[in-house]
Amino acid sequence: MAFDIDMIKKVYETLPARVDKARKLVGKPLTLSEKILYAHLWDGKATEPFTRGKDYVDFAPDRIACQDATAQMALLQFMQAGKDQVAVPTTVHCDHLIQAKQGAAIDLARANDVSNEVFEFLGSVSNKYGIGFWKPGAGIIHQVVLENYAFPGGMMIGTDSHTVNAGGLGMVAIGVGGADAVDVMAGMAWELKFPKLIGVKLTGNINGWTSAKDVILKVAGILTVKGGTGAIVEYFGEGAKNLSCTGKGTICNMGAEIGATTSTFGYDESMSRYLRATDRADIADEADKIAEYLTADDEVYANPEEYFDQVIEINLDELVPHLNGPFTPDLATPVGELGPKAKENGWPLKVDWGLIGSCTNSSYEDLTRAASIAEQAVKKNIKPKSDFGINPGSETIRFTAERDGILKIFEDLDATIFTNACGPCIGQWDRSDMKGDEKNTIVHSFNRNFSKRADGNPNTHAFVGSPEMVAAIAISGRLDFNPMTDFLITEDGEEVMLDEPSGIELPPKGFEVEDAGYEAPVEDGSKIDVKVAEDSERLQLLTPFEPWDGENLMNAKLLIKAFGKCTTDHISMAGPWLKYRGHLDNISNNCLIGAVNAYTKQTNLVKSQINGEYDAVPKTARAYKKAGIPTVVVGDHNYGEGSSREHAAMEPRHLGVYVVLVKSFARIHETNLKKQGMLGVTFENESDYDLIQEDDTFNFIDLKDFAPDQPLTVEVVHADGSKDTFKVNHTYNDAQIKWYRKGSALNLIKEENAA
């Protein structure tokens with residue numbers, strides 16, 4: 001039986017009437033995305049049609065999911081909210097703090113030792129506030145959510161950008177910062193700008209070496225890393241129905257890499273099969289009763305151009321396998337074209353590692369498709385030329401795959417079976433075969449491949465592909481290998497080709513597990529004491545940020561002008577820094593150390609206007625803060641692309657940055673800045689970015705008149721005394737300006753709770 005079945009039944013009881021009213025109000029057929037959005041309005045019923053991309057709307061999500069790295073800061077904030085229990089079903093999943101090194105058993109034991117303080121904190125906070133707790137080793141948050149909590153027609157938020165994975169089961173699931181999650185935990189509405197809609201029509205059927213992963217790799221190449229910003233991507237068509245549920249999850253998962261608010265599919269037979277296979281027939285039965293409300297109206301998919309803001313069509317019969325990268329997940333290349341492209345760009349052709357797993361591709365079906373390739377290497381006596389690493393998605397997947405002999409196939413290739421956790425995908429990889437900054441290539445089935453992402457090496461060229469393609473290329477050891485046309489040489493010197501992959505959608509014997517790793521909270525947590533040691537290096541109770549004084553911001557100095565791509569990985573790196581995610585002051589020592597200084601083209605080296613010397617970004621920021629001097633960060637397009645980590649907003653705020661001024665923001669990061677009481681603004685004229693000089697002083701001369709839809713005026717004073725004045729835009733509404741005035745959204749929550 002499903003978790004929270006009573007809540008789900010309640011959603012299904014009210015959904016049809018709410019959708020019918022919304023359809024009448026809007027005056028036209030509705031997409032699936034619109035049905036779910038209108039059915040989850042905070043006040044329960046639609047009273048007006050909303051304008052896509054413009055209107056801010058209050059929603060009531062059904063549930064929340066948090067992973068251990070982001071849950072720490074989210075729950076530290078929730079502890080200040082003055083609530084006895086979370087207001088909606090919430091779970092915490094320990095999957096980010098487990099380093100991949102020697103193998104599952106050893107790595108898990110080491111994580112439980114090294115991060116015991118954090119795991120105990122998360123477990124006790126979860127117990128106290130009524131939160132479900134998934135222990136270390138239980139699995140990757142998004143695979144566990146898909147197996148246990150996702151349901152068609154629901155709305156959820158999660159403190160991880162890949163929360164969108166649950167769209168594979170027909171949800172509107174959205175990644176948010178911890179402060180957004182705290183709002184909902186505290187029983188408040190969650191605000192979102194009503195999204196635009198991108199429709200992706202899929203025809204035909206994937207075949208041969210092509211997989212569901214190739215759909216999103218192709219879409220990423222079309223839309224780029226910012227093409228989905230502010231939009232929900234809704235997949236439909238006969239091709240969509242031909243995909244498995246976990247394949248749909250893979251596609252939705254990587255919607256985060258195109259900046260999409262989320263992605264989703266309409267309810268169909270594949271979802272019903274998956275629900276029943278994962279012991280949730282009760283949800284499938286309820287969903288079947290209102291199936292027409294869990295997908296778009298027929299007219300929408302028949303004439304999509306009339307109902308979506310943009311429509312893309314992909315014929316799965318013609319789709320070919322892709323590898324995307326390096327250094328960005330939208331650099332899409334068909335496998336057969338990668339060799340010449342790699343040689344032209346100087347990308348190393350030798351592949352050192354093939355990594356299979358992550359929240360994107362770690363289902364039973366994914367493992368069987370990759371295993372079908374690995375098994376051929378064993379049987380045909382082909383010695384793999386690359387190392388292999390495998391991360392099963394959950395203990396249920398791992399236990400079932402081991403029972404069915406799937407893991408043994410990889411072990412026969414000397415693959416390392418890592419813990420059921422994120423591992424290398426999030427930078428938790430102790431890679432023993434590489435030292436320093438050696439140039440090299442890896443292939444993986446993950447979602448992101450930013451510089452330094454997997455192993456901390458800026459010269460690791462990481463390419464994203466399907467599990468089966470990763471397996472084939474790793475076996476060959478060459479980036480330019482095309483399994484559809486190229487031969488491999490056996491240990492006996494014979495030329496052979498790999499057969500096409502084959503997979504099993506759902507285990508014929510059913511899923512099985514002895515201990516899934518779940519711990520339910522006690523009914524009454526009032527007597528549970530959550531302790532944080534004052535001298536802890538891992539955890540730190542939060543001090544509220546100071547409110548705005550209501551005056552214009554004057555004499556602010558430039559901290560850094562970031563050049564080019566500046567993701568949340570550049571602003572607040574993961575990897576070894578993950579251990580400080582619960583300690584704001586300690587983790588702030590990684591603030592913007594990956595951002596490229598526009599003047600020196602170096603990282604973590606900026607000029608101080610206090611002494612004229614160059615030093616690390618965090619050290620320079622702390623000196624400004626100690627001197628009482630506010631600072632400004634300037635950036636390029638899609639600033640804050642990547643994960644949902646609010647540390648990328650909290651760290652600059654903690655170090656005295658008052659303003660982030662960029663050409664454009666990624667959605668989650670812009671919201672995180674607002675939640676933490678920061679001023680996030682964009683150049684009205686992008687060319688004004690070029691006016692900013694290294695020794696500039698910023699005056700925000702009309703900030704006292706801060707109001708919705710009103711640009712602000714910035715006066716920039718250069719070192720020679722000359723000035724430039726220009727306009728900057730913002731997207732703050734009245735409620736968000738209140739956050740700014742109070743110093744943060746959390747300050748406002750505390751004030752309202754105390755009233």
# chains A, B, ... in the order shown; residues from 1 in each chain; ligands from 1

$ residues_around --residues "Val225 of chain A" --least-positions-apart "5" --cutoff "8 Å" --atoms "only C-alpha atoms" --output "MDAnalysis selection string"
chainID A and resid 220 257:259 329:330 641

$ select_by_dssp --residues "segment 25-263 of chain A" --states "strand (DSSP E or B)" --output "number ranges by chain"
A: 41, 56-59, 63-67, 90-93, 100, 132-134, 139, 155-158, 172-175, 190-193, 196-203, 229, 231-236, 260, 262-263

$ residues_around --residues "Phe194 of chain A" --least-positions-apart "4" --cutoff "8 Å" --atoms "only C-alpha atoms" --output "ChimeraX atom specification"
/A:50-57

$ closest_residue --among "A:Asn324, A:Ser687, A:Ser394, A:Thr460" --to "Glu438 of chain A" --atoms "only C-alpha atoms"
A:Thr460

$ closest_atom_pairs --of "segment 64-155 of chain A" --to "segment 732-747 of chain A" --cutoff "12 Å" --atoms "only C-alpha atoms" --output "JSON lines"
{"residue": "A:Ala74", "atom": "CA", "partner": "A:Leu746", "partner_atom": "CA", "distance": 10.7}
{"residue": "A:Leu75", "atom": "CA", "partner": "A:Leu746", "partner_atom": "CA", "distance": 11.9}
{"residue": "A:Leu76", "atom": "CA", "partner": "A:Leu746", "partner_atom": "CA", "distance": 11.1}
{"residue": "A:Gln77", "atom": "CA", "partner": "A:Leu746", "partner_atom": "CA", "distance": 7.3}
{"residue": "A:Phe78", "atom": "CA", "partner": "A:Leu746", "partner_atom": "CA", "distance": 8.5}
{"residue": "A:Met79", "atom": "CA", "partner": "A:Leu746", "partner_atom": "CA", "distance": 10.6}
{"residue": "A:Gln80", "atom": "CA", "partner": "A:Leu746", "partner_atom": "CA", "distance": 8.1}
{"residue": "A:Ala81", "atom": "CA", "partner": "A:Leu746", "partner_atom": "CA", "distance": 7.3}
{"residue": "A:Gly82", "atom": "CA", "partner": "A:Leu746", "partner_atom": "CA", "distance": 10.9}

$ write_last_selection --atoms "N, CA, C and O atoms" --output "compact mmCIF listing (two decimals), in the first residue's frame"
# COMPACT_ATOMS: atom_id res chain seq x y z
N ALA A 74 17.77 23.69 5.28
CA ALA A 74 16.31 23.85 5.29
C ALA A 74 15.75 23.61 6.69
O ALA A 74 14.91 24.38 7.19
N LEU A 75 16.21 22.54 7.34
CA LEU A 75 15.67 22.21 8.66
C LEU A 75 16.21 23.14 9.73
O LEU A 75 15.51 23.42 10.72
N LEU A 76 17.43 23.64 9.57
CA LEU A 76 17.92 24.66 10.49
C LEU A 76 17.05 25.91 10.42
O LEU A 76 16.79 26.57 11.44
N GLN A 77 16.58 26.23 9.22
CA GLN A 77 15.67 27.36 9.07
C GLN A 77 14.29 27.03 9.66
O GLN A 77 13.68 27.86 10.34
N PHE A 78 13.81 25.80 9.39
CA PHE A 78 12.49 25.42 9.90
C PHE A 78 12.46 25.45 11.43
O PHE A 78 11.44 25.78 12.04
N MET A 79 13.58 25.11 12.06
CA MET A 79 13.64 25.13 13.53
C MET A 79 13.38 26.53 14.09
O MET A 79 12.97 26.67 15.25
N GLN A 80 13.60 27.55 13.27
CA GLN A 80 13.36 28.92 13.72
C GLN A 80 11.91 29.37 13.50
O GLN A 80 11.51 30.44 13.97
N ALA A 81 11.14 28.55 12.78
CA ALA A 81 9.79 28.98 12.38
C ALA A 81 8.77 28.85 13.49
O ALA A 81 7.64 29.34 13.36
N GLY A 82 9.11 28.15 14.58
CA GLY A 82 8.19 28.05 15.71
C GLY A 82 7.05 27.08 15.52
O GLY A 82 5.98 27.25 16.14

$ select_by_dssp --residues "segment 412-577 of chain A" --states "alpha helix (DSSP H)" --output "PyMOL selection string"
chain A and resi 467-476+568-571

$ atom_distance --atom1 "atom CA of Cys591 of chain A" --atom2 "atom CA of Gly123 of chain A"
28.1 Å
